[in-house]
$ cat data_39.txt   # compact mmCIF, C-alpha atoms
# COMPACT_ATOMS: atom_id res chain seq x y z
CA MET A 275 132.95 -50.01 -83.31
CA VAL A 276 133.11 -50.47 -79.56
CA ILE A 277 131.38 -53.54 -78.13
CA LYS A 278 130.08 -52.88 -74.66
CA ARG A 279 130.50 -55.95 -72.50
CA GLU A 280 127.55 -56.59 -70.25
CA THR A 281 128.44 -57.52 -66.73
CA TYR A 282 126.16 -59.03 -64.14
CA THR A 283 126.62 -59.04 -60.42
CA ASP A 284 126.48 -62.30 -58.46
CA TYR A 285 123.15 -61.16 -57.00
CA GLU A 286 121.64 -60.65 -60.49
CA ILE A 287 122.79 -64.10 -61.65
CA GLU A 288 121.46 -65.74 -58.49
CA PHE A 289 118.15 -63.88 -58.85
CA ALA A 290 117.80 -64.96 -62.50
CA MET A 291 118.60 -68.58 -61.64
CA ARG A 292 116.12 -68.58 -58.78
CA GLU A 293 113.46 -67.08 -61.04
CA LYS A 294 114.09 -69.83 -63.63
CA GLU A 295 113.88 -72.53 -60.96
CA ASP A 296 110.66 -71.04 -59.60
CA PHE A 297 109.18 -70.94 -63.11
CA GLU A 298 110.14 -74.57 -63.74
CA LYS A 299 108.71 -75.72 -60.42
CA SER A 300 105.43 -73.86 -61.03
CA MET A 301 105.18 -75.28 -64.53
CA GLN A 302 105.86 -78.82 -63.35
CA ALA A 303 103.23 -78.42 -60.62
CA LEU A 304 100.78 -77.25 -63.29
CA MET A 305 101.71 -80.28 -65.44
CA ASP A 306 100.90 -82.56 -62.46
CA ILE A 307 97.54 -80.84 -61.91
CA VAL A 308 96.54 -80.95 -65.59
CA GLY A 309 97.67 -84.59 -65.91
CA ALA A 310 95.67 -85.63 -62.85
CA THR A 311 92.60 -83.69 -64.06
CA VAL A 312 92.73 -85.25 -67.49
CA SER A 313 93.14 -88.83 -66.27
CA THR A 314 90.22 -88.31 -63.85
CA LEU A 315 88.14 -86.74 -66.60
CA GLU A 316 88.79 -89.80 -68.79
CA SER A 317 87.68 -92.19 -66.07
CA VAL A 318 84.50 -90.18 -65.39
CA ALA A 319 83.44 -89.07 -68.86
CA GLY A 320 84.99 -91.90 -70.94
CA MET A 321 85.46 -91.18 -74.63
CA GLY A 322 83.46 -87.95 -74.21
CA ALA A 323 86.53 -86.49 -72.49
CA ARG A 324 88.26 -86.26 -75.87
CA ALA A 325 85.46 -84.20 -77.39
CA MET A 326 85.44 -81.96 -74.34
CA SER A 327 89.18 -81.31 -74.46
CA TYR A 328 89.03 -80.83 -78.26
CA MET A 329 86.38 -78.14 -77.88
CA ALA A 330 88.29 -76.53 -74.99
CA GLY A 331 91.43 -76.44 -77.14
CA LYS A 332 89.48 -75.04 -80.05
CA ASN A 333 88.10 -72.20 -77.95
CA ILE A 334 91.59 -71.21 -76.81
CA GLY A 335 92.87 -71.59 -80.38
CA LYS A 336 90.18 -69.33 -81.76
CA ARG A 337 91.10 -66.68 -79.22
CA ILE A 338 94.76 -66.97 -80.25
CA GLY A 339 93.78 -66.85 -83.94
CA ARG A 340 91.85 -63.62 -83.41
CA MET A 341 94.89 -62.18 -81.60
CA ILE A 342 97.21 -63.06 -84.50
CA GLY A 343 94.78 -61.94 -87.21
CA ARG A 344 94.12 -63.06 -90.79
CA LYS A 345 96.92 -64.72 -92.76
CA PRO A 346 97.07 -65.26 -96.53
CA ASP A 347 98.31 -68.89 -96.59
CA VAL A 348 98.89 -71.97 -94.46
CA GLU A 349 102.68 -71.57 -94.21
CA THR A 350 102.44 -67.99 -92.88
CA ALA A 351 99.70 -69.00 -90.45
CA ILE A 352 101.74 -71.90 -89.05
CA ASP A 353 104.83 -69.68 -88.69
CA ALA A 354 102.83 -66.99 -86.87
CA LEU A 355 101.29 -69.59 -84.57
CA THR A 356 104.66 -71.19 -83.76
CA ASP A 357 106.20 -67.77 -83.02
CA LEU A 358 103.41 -66.96 -80.61
CA MET A 359 103.47 -70.31 -78.85
CA GLY A 360 107.14 -69.92 -77.93
CA ASP A 361 108.50 -72.84 -75.92
CA ALA A 362 105.18 -74.64 -75.60
CA TRP A 363 104.81 -75.96 -79.14
CA LYS A 364 107.11 -76.00 -82.15
CA ILE A 365 105.22 -76.91 -85.31
CA GLU A 366 106.57 -77.30 -88.85
CA ILE A 367 104.96 -78.26 -92.13
CA TRP A 368 106.55 -81.50 -93.28
CA LYS A 369 106.67 -83.29 -96.63
CA PRO A 370 108.41 -86.44 -97.86
CA ALA A 371 111.62 -85.77 -99.80
CA THR A 372 110.04 -87.08 -103.01
CA GLU A 373 107.14 -84.61 -102.98
CA LYS A 374 107.48 -81.09 -104.35
CA GLU A 375 104.87 -79.07 -102.50
CA LEU A 376 104.58 -78.54 -98.78
CA VAL A 377 100.88 -77.75 -99.01
CA LYS A 378 98.72 -79.66 -101.50
CA LYS A 379 95.64 -78.18 -103.09
CA THR A 380 92.59 -80.42 -102.88
CA ASP A 381 89.10 -80.07 -104.39
CA LYS A 382 87.76 -78.42 -101.28
CA GLY A 383 90.81 -76.66 -99.85
CA PHE A 384 94.31 -77.60 -98.68
CA GLN A 385 96.06 -80.59 -97.18
CA CYS A 386 99.44 -80.84 -95.48
CA LYS A 387 101.33 -82.76 -92.82
CA LEU A 388 102.30 -81.07 -89.57
CA LEU A 389 105.32 -82.10 -87.55
CA PHE A 390 105.08 -81.31 -83.84
CA ARG A 391 108.58 -81.17 -82.34
CA ASP A 392 108.45 -79.41 -78.97
CA CYS A 393 105.09 -80.08 -77.37
CA ILE A 394 104.09 -79.17 -73.84
CA VAL A 395 101.29 -81.75 -73.92
CA ARG A 396 103.71 -84.58 -74.78
CA GLN A 397 105.94 -83.49 -71.93
CA THR A 398 103.03 -83.49 -69.51
CA LEU A 399 102.04 -86.97 -70.68
CA GLU A 400 105.59 -88.24 -70.20
CA ARG A 401 105.76 -86.73 -66.72
CA GLU A 402 102.43 -88.25 -65.71
CA ALA A 403 102.96 -91.58 -67.56
CA ILE A 404 99.80 -91.13 -69.66
CA PRO A 405 99.76 -92.70 -73.16
CA GLN A 406 99.81 -90.46 -76.25
CA LYS A 407 96.92 -89.96 -78.73
CA GLY A 408 94.55 -89.53 -75.79
CA THR A 409 92.48 -86.74 -74.32
CA MET A 410 95.30 -84.23 -73.99
CA CYS A 411 96.46 -84.73 -77.57
CA TYR A 412 92.95 -83.79 -78.69
CA LEU A 413 93.44 -80.54 -76.81
CA THR A 414 96.46 -79.77 -79.00
CA ASN A 415 94.51 -80.71 -82.13
CA GLY A 416 91.65 -78.42 -81.14
CA TYR A 417 94.04 -75.61 -80.30
CA VAL A 418 95.84 -75.72 -83.65
CA CYS A 419 92.61 -76.24 -85.63
CA GLY A 420 90.82 -73.38 -83.86
CA ALA A 421 93.68 -70.96 -84.46
CA LEU A 422 94.09 -71.93 -88.13
CA GLU A 423 90.34 -71.75 -88.78
CA VAL A 424 90.23 -68.14 -87.60
CA MET A 425 93.47 -67.14 -89.31
CA LEU A 426 92.55 -68.66 -92.69
CA GLY A 427 88.75 -68.50 -92.61
CA MET A 428 88.42 -72.24 -93.30
CA ARG A 429 87.26 -75.40 -91.55
CA GLY A 430 90.12 -77.49 -90.17
CA LYS A 431 90.57 -81.14 -89.27
CA LEU A 432 93.72 -82.56 -87.71
CA ASP A 433 94.24 -86.34 -87.66
CA PHE A 434 96.95 -88.37 -85.96
CA LEU A 435 99.42 -90.07 -88.25
CA HIS A 436 102.09 -90.96 -85.73
CA SER A 437 103.03 -90.14 -82.15
CA GLY A 438 106.62 -90.53 -81.04
CA ASN A 439 108.71 -89.62 -78.04
CA ASN A 440 110.59 -86.87 -79.87
CA ALA A 441 108.08 -85.79 -82.55
CA CYS A 442 104.50 -86.34 -83.73
CA LEU A 443 103.18 -86.29 -87.29
CA LYS A 444 99.63 -85.12 -88.02
CA ASP A 445 97.53 -84.68 -91.13
CA LEU A 446 95.88 -81.27 -91.59
CA ASN A 447 92.89 -80.83 -93.88
CA LEU A 448 91.48 -77.37 -94.48
CA THR A 449 88.21 -76.95 -96.36
CA ARG A 450 86.05 -74.02 -97.35
CA GLU A 451 82.88 -76.01 -96.71
CA GLY A 452 80.65 -75.04 -93.78
CA VAL A 453 82.46 -71.80 -92.93
CA MET B 126 120.16 -83.01 -90.49
CA VAL B 127 119.75 -86.31 -88.69
CA GLN B 128 121.61 -89.38 -89.94
CA ILE B 129 120.09 -92.76 -89.18
CA GLU B 130 122.05 -96.01 -89.16
CA VAL B 131 121.37 -99.61 -88.22
CA ASP B 132 124.18 -101.49 -86.48
CA GLU B 133 124.21 -104.74 -88.46
CA SER B 134 126.16 -106.58 -85.76
CA LEU B 135 123.36 -105.92 -83.27
CA CYS B 136 120.24 -106.04 -85.50
CA LYS B 137 118.28 -109.31 -85.29
CA GLY B 138 116.09 -108.47 -88.30
CA CYS B 139 112.80 -108.53 -86.42
CA GLY B 140 111.60 -105.50 -88.42
CA MET B 141 109.74 -103.84 -85.56
CA CYS B 142 111.52 -100.56 -86.30
CA ALA B 143 110.34 -100.70 -89.92
CA ASP B 144 106.77 -101.42 -88.82
CA VAL B 145 106.67 -98.48 -86.43
CA CYS B 146 108.36 -95.93 -88.73
CA PRO B 147 105.65 -93.58 -90.09
CA THR B 148 107.65 -92.35 -93.08
CA GLY B 149 109.17 -95.58 -94.43
CA VAL B 150 112.77 -94.76 -93.58
CA LEU B 151 113.58 -98.35 -92.62
CA GLU B 152 112.84 -101.51 -94.59
CA LYS B 153 112.46 -105.01 -93.16
CA GLN B 154 114.50 -107.70 -94.93
CA GLU B 155 113.62 -111.32 -95.55
CA ASN B 156 115.08 -114.25 -93.56
CA PHE B 157 115.82 -112.02 -90.56
CA GLU B 158 118.55 -110.12 -92.37
CA PRO B 159 119.48 -106.77 -90.72
CA THR B 160 117.00 -103.95 -91.44
CA LYS B 161 118.11 -101.45 -94.09
CA VAL B 162 117.86 -97.67 -94.16
CA VAL B 163 116.19 -96.95 -97.49
CA ASN B 164 114.80 -93.44 -97.14
CA PRO B 165 117.01 -91.46 -94.71
CA ASP B 166 115.86 -88.00 -95.87
CA ASP B 167 112.33 -88.60 -94.60
CA CYS B 168 113.32 -89.24 -90.97
CA ILE B 169 111.24 -87.00 -88.70
CA GLN B 170 113.32 -87.84 -85.60
CA CYS B 171 110.37 -89.24 -83.66
CA LEU B 172 112.66 -91.89 -82.13
CA SER B 173 109.98 -94.59 -82.22
CA CYS B 174 112.44 -96.99 -83.89
CA LEU B 175 115.01 -96.32 -81.19
CA GLU B 176 112.46 -97.00 -78.45
CA ILE B 177 111.04 -100.19 -79.94
CA CYS B 178 114.34 -101.83 -80.92
CA PRO B 179 115.10 -104.62 -78.41
CA ALA B 180 118.75 -104.79 -79.49
CA TYR B 181 119.45 -101.02 -79.44
CA ALA B 182 120.66 -101.33 -83.03
CA VAL B 183 119.24 -98.06 -84.39
CA ILE B 184 121.63 -95.12 -84.18
CA HIS B 185 120.71 -91.46 -84.77
CA LYS B 186 123.51 -88.97 -85.40
CA GLU B 187 123.13 -85.18 -85.22
CA LEU B 188 119.74 -85.55 -83.61
CA ILE B 189 117.86 -82.48 -82.38
CA PRO B 190 116.25 -83.51 -79.10
CA VAL B 191 113.12 -81.68 -77.99
CA ARG B 192 112.95 -79.69 -74.78
CA ARG B 193 112.50 -81.82 -71.68
CA LEU B 194 110.79 -79.31 -69.42
CA GLN B 195 109.02 -82.10 -67.56
CA ILE B 196 112.28 -83.27 -65.98
CA GLU B 197 113.22 -81.33 -62.88
CA THR B 198 116.49 -79.39 -62.91
CA SER B 199 117.72 -81.26 -59.83
CA THR B 200 117.17 -84.56 -61.66
CA LEU B 201 119.02 -83.27 -64.72
CA ASP B 202 121.94 -82.17 -62.54
CA MET B 203 122.03 -85.63 -60.98
CA ILE B 204 122.03 -87.30 -64.41
CA LYS B 205 124.85 -84.99 -65.56
CA LYS B 206 126.92 -85.99 -62.50
CA ILE B 207 126.34 -89.69 -63.21
CA LEU B 208 127.25 -89.30 -66.88
$ encode --input "data_39.txt" --output "C-alpha cells"
Amino acid sequence: MVIKRETYTDYEIEFAMREKEDFEKSMQALMDIVGATVSTLESVAGMGARAMSYMAGKNIGKRIGRMIGRKPDVETAIDALTDLMGDAWKIEIWKPATEKELVKKTDKGFQCKLLFRDCIVRQTLEREAIPQKGTMCYLTNGYVCGALEVMLGMRGKLDFLHSGNNACLKDLNLTREGV
Amino acid sequence: MVQIEVDESLCKGCGMCADVCPTGVLEKQENFEPTKVVNPDDCIQCLSCLEICPAYAVIHKELIPVRRLQIETSTLDMIKKIL
C-alpha cells in the first residue's frame, strides 16, 4: 500500500491560517454583539428576558429537530444533536457511578442528567463577564428542549443543577403529557 | 479520566469545595481537617472546586479542558510566550 503524502504550499498554509483568524475574529465580534444585546435586554425587560430567550432558543431547536428527524430514544437523539452542533455545544448524558441506567423511566416519560462540556454560550458569557444561569443559558435550554421535543415527540423541561467554568450539569425531564 | 486530589499541606479545611461540588466528590471534615476525596468517579470536571478554593489546594490531573474560543489567538500566543 502506497501512502500519498499531502503537501501544501506556503500560500495555502497562509491562506488557511488567515481564514481561521478571520473566522475567529468574526465569531468573537458576534459574541460581543450577542452579549451586549442580552445584557441590554435584561435591563429593559427584566426577568421576562429569560422567557423571551427560552422561546427564541426553542424555535431554533425545533427547526434543528425537524432537520435531524425522528429518533427512537434519548441517547440517539442527544448524539445526533451533538454531531450537528459541532464545535458550539458538546452534550453528554451523565450518571453517577453508583447508578446503572443513563436514562431513567418515570411515570410520565424519561429523566436524565445532561452534561454540557463545550458551550458557545458559556464562552460568550466569560468573554462578556456576564454571570451564568441567566438569560443566555435559557437560550441553550430552549434550544436543546425544542430539538429533543421534535426528535422524540415529547414535552421537555431542562433545569439547572450546576454551572461551572468547564462544564454544566442539567436535569432533563421528558413527558408524553400535553404533546 | 480525570483524577482529583486535595493537597493536604495547603488545604485549610474550610469545605467550600465540598459545598460547591454538585456530585459529592469532596467531603468536608470536622475540626477543619483537610477535605477528602470520597467519590472521584463522579467528577464532571466543572472546576468549581478549583475556582472557589482560596488555598489552591484542589488538583485535577488528566483534565479535558473545554474549547476557549472566546480568547483571541493573539492573546493565546502571548500567554504561550509568557509560559
$ residues_around --input "data_39.txt" --residues "segment 377-380 of chain A" --least-positions-apart "4" --cutoff "10 Å" --atoms "only C-alpha atoms" --output "PyMOL selection string"
chain A and resi 347-349+367-369+373+384-387+446-449
$ closest_residue --input "data_39.txt" --among "A:Val312, A:Met428, A:Met301, A:Ala371" --to "Pro165 of chain B" --atoms "only C-alpha atoms"
A:Ala371
$ residues_around --input "data_39.txt" --residues "Pro370 of chain A" --least-positions-apart "3" --cutoff "9 Å" --atoms "all atoms listed in the file" --output "PyMOL selection string"
(chain A and resi 373-374+376) or (chain B and resi 148+166-168)
$ closest_residue --input "data_39.txt" --among "B:Glu133, B:Glu187, B:Asp144, B:Glu197" --to "Thr160 of chain B" --atoms "only C-alpha atoms"
B:Glu133
$ interface_residues --input "data_39.txt" --of "chain A" --to "chain B" --cutoff "7 Å" --atoms "only C-alpha atoms" --output "list in words"
Gln302, Pro370, Ala371, Arg391, Asp392, Gln397, Thr398, Arg401, His436, Gly438, Asn439, Asn440, Ala441 and Cys442 of chain A
$ decode --input "data_39.txt" --residues "segment 147-180 of chain B" --atoms "N, CA and C atoms" --output "CSV table (one decimal), in the first residue's frame"
chain,number,residue,atom,x,y,z
B,147,PRO,N,-21.3,19.6,42.8
B,147,PRO,CA,-22.6,19.2,42.5
B,147,PRO,C,-22.8,17.7,42.6
B,148,THR,N,-21.7,16.9,42.6
B,148,THR,CA,-21.9,15.5,42.6
B,148,THR,C,-21.3,14.8,43.8
B,149,GLY,N,-20.9,15.5,44.8
B,149,GLY,CA,-20.5,14.9,46.1
B,149,GLY,C,-19.1,14.2,46.0
B,150,VAL,N,-18.2,14.8,45.2
B,150,VAL,CA,-16.9,14.2,45.0
B,150,VAL,C,-16.1,14.4,46.3
B,151,LEU,N,-16.2,15.6,46.8
B,151,LEU,CA,-15.4,16.0,48.0
B,151,LEU,C,-16.3,16.0,49.3
B,152,GLU,N,-15.6,15.7,50.4
B,152,GLU,CA,-16.4,15.7,51.7
B,152,GLU,C,-15.6,16.6,52.7
B,153,LYS,N,-16.4,17.5,53.3
B,153,LYS,CA,-15.8,18.3,54.4
B,153,LYS,C,-15.6,17.5,55.6
B,154,GLN,N,-14.5,17.8,56.3
B,154,GLN,CA,-14.2,17.1,57.5
B,154,GLN,C,-14.4,18.0,58.7
B,155,GLU,N,-14.6,17.4,59.9
B,155,GLU,CA,-14.8,18.2,61.1
B,155,GLU,C,-13.4,18.8,61.6
B,156,ASN,N,-13.6,19.8,62.4
B,156,ASN,CA,-12.4,20.4,63.1
B,156,ASN,C,-11.4,21.0,62.1
B,157,PHE,N,-11.9,21.4,60.9
B,157,PHE,CA,-11.0,22.0,59.9
B,157,PHE,C,-9.9,21.1,59.4
B,158,GLU,N,-10.2,19.8,59.4
B,158,GLU,CA,-9.3,18.8,58.9
B,158,GLU,C,-9.3,18.9,57.3
B,159,PRO,N,-8.2,18.6,56.6
B,159,PRO,CA,-8.3,18.7,55.1
B,159,PRO,C,-9.4,17.9,54.5
B,160,THR,N,-10.0,18.5,53.5
B,160,THR,CA,-11.2,17.9,52.8
B,160,THR,C,-10.7,16.6,52.1
B,161,LYS,N,-11.6,15.6,52.1
B,161,LYS,CA,-11.3,14.3,51.5
B,161,LYS,C,-12.0,14.1,50.2
B,162,VAL,N,-11.3,13.4,49.3
B,162,VAL,CA,-12.0,13.0,48.0
B,162,VAL,C,-12.6,11.6,48.3
B,163,VAL,N,-14.0,11.6,48.2
B,163,VAL,CA,-14.7,10.4,48.6
B,163,VAL,C,-15.3,9.7,47.4
B,164,ASN,N,-15.5,10.4,46.3
B,164,ASN,CA,-16.3,9.9,45.2
B,164,ASN,C,-15.7,10.3,43.9
B,165,PRO,N,-14.4,10.0,43.6
B,165,PRO,CA,-13.7,10.5,42.5
B,165,PRO,C,-14.3,10.2,41.1
B,166,ASP,N,-15.0,9.1,41.0
B,166,ASP,CA,-15.5,8.7,39.7
B,166,ASP,C,-16.7,9.6,39.2
B,167,ASP,N,-17.3,10.3,40.1
B,167,ASP,CA,-18.4,11.2,39.7
B,167,ASP,C,-18.0,12.6,39.3
B,168,CYS,N,-16.7,12.9,39.3
B,168,CYS,CA,-16.2,14.2,39.0
B,168,CYS,C,-16.6,14.6,37.5
B,169,ILE,N,-17.3,15.7,37.3
B,169,ILE,CA,-17.7,16.1,36.0
B,169,ILE,C,-16.8,17.1,35.4
B,170,GLN,N,-15.7,17.4,36.1
B,170,GLN,CA,-14.7,18.4,35.6
B,170,GLN,C,-15.2,19.8,35.4
B,171,CYS,N,-16.1,20.2,36.3
B,171,CYS,CA,-16.7,21.6,36.1
B,171,CYS,C,-15.7,22.6,36.6
B,172,LEU,N,-14.8,22.2,37.5
B,172,LEU,CA,-13.7,23.1,38.0
B,172,LEU,C,-14.2,24.1,39.0
B,173,SER,N,-15.4,23.9,39.5
B,173,SER,CA,-15.9,24.9,40.5
B,173,SER,C,-15.1,24.8,41.8
B,174,CYS,N,-14.7,23.6,42.2
B,174,CYS,CA,-13.9,23.5,43.4
B,174,CYS,C,-12.5,24.2,43.3
B,175,LEU,N,-12.0,24.1,42.1
B,175,LEU,CA,-10.7,24.7,41.8
B,175,LEU,C,-10.8,26.2,41.9
B,176,GLU,N,-11.9,26.7,41.4
B,176,GLU,CA,-12.1,28.2,41.3
B,176,GLU,C,-12.4,28.8,42.7
B,177,ILE,N,-13.1,28.0,43.5
B,177,ILE,CA,-13.5,28.5,44.8
B,177,ILE,C,-12.5,28.4,45.9
B,178,CYS,N,-11.5,27.4,45.7
B,178,CYS,CA,-10.6,27.2,46.8
B,178,CYS,C,-9.6,28.4,47.0
B,179,PRO,N,-9.6,28.9,48.2
B,179,PRO,CA,-8.7,30.1,48.4
B,179,PRO,C,-7.2,29.7,48.5
B,180,ALA,N,-7.0,28.4,48.8
B,180,ALA,CA,-5.6,28.0,49.0
B,180,ALA,C,-5.0,27.2,47.8
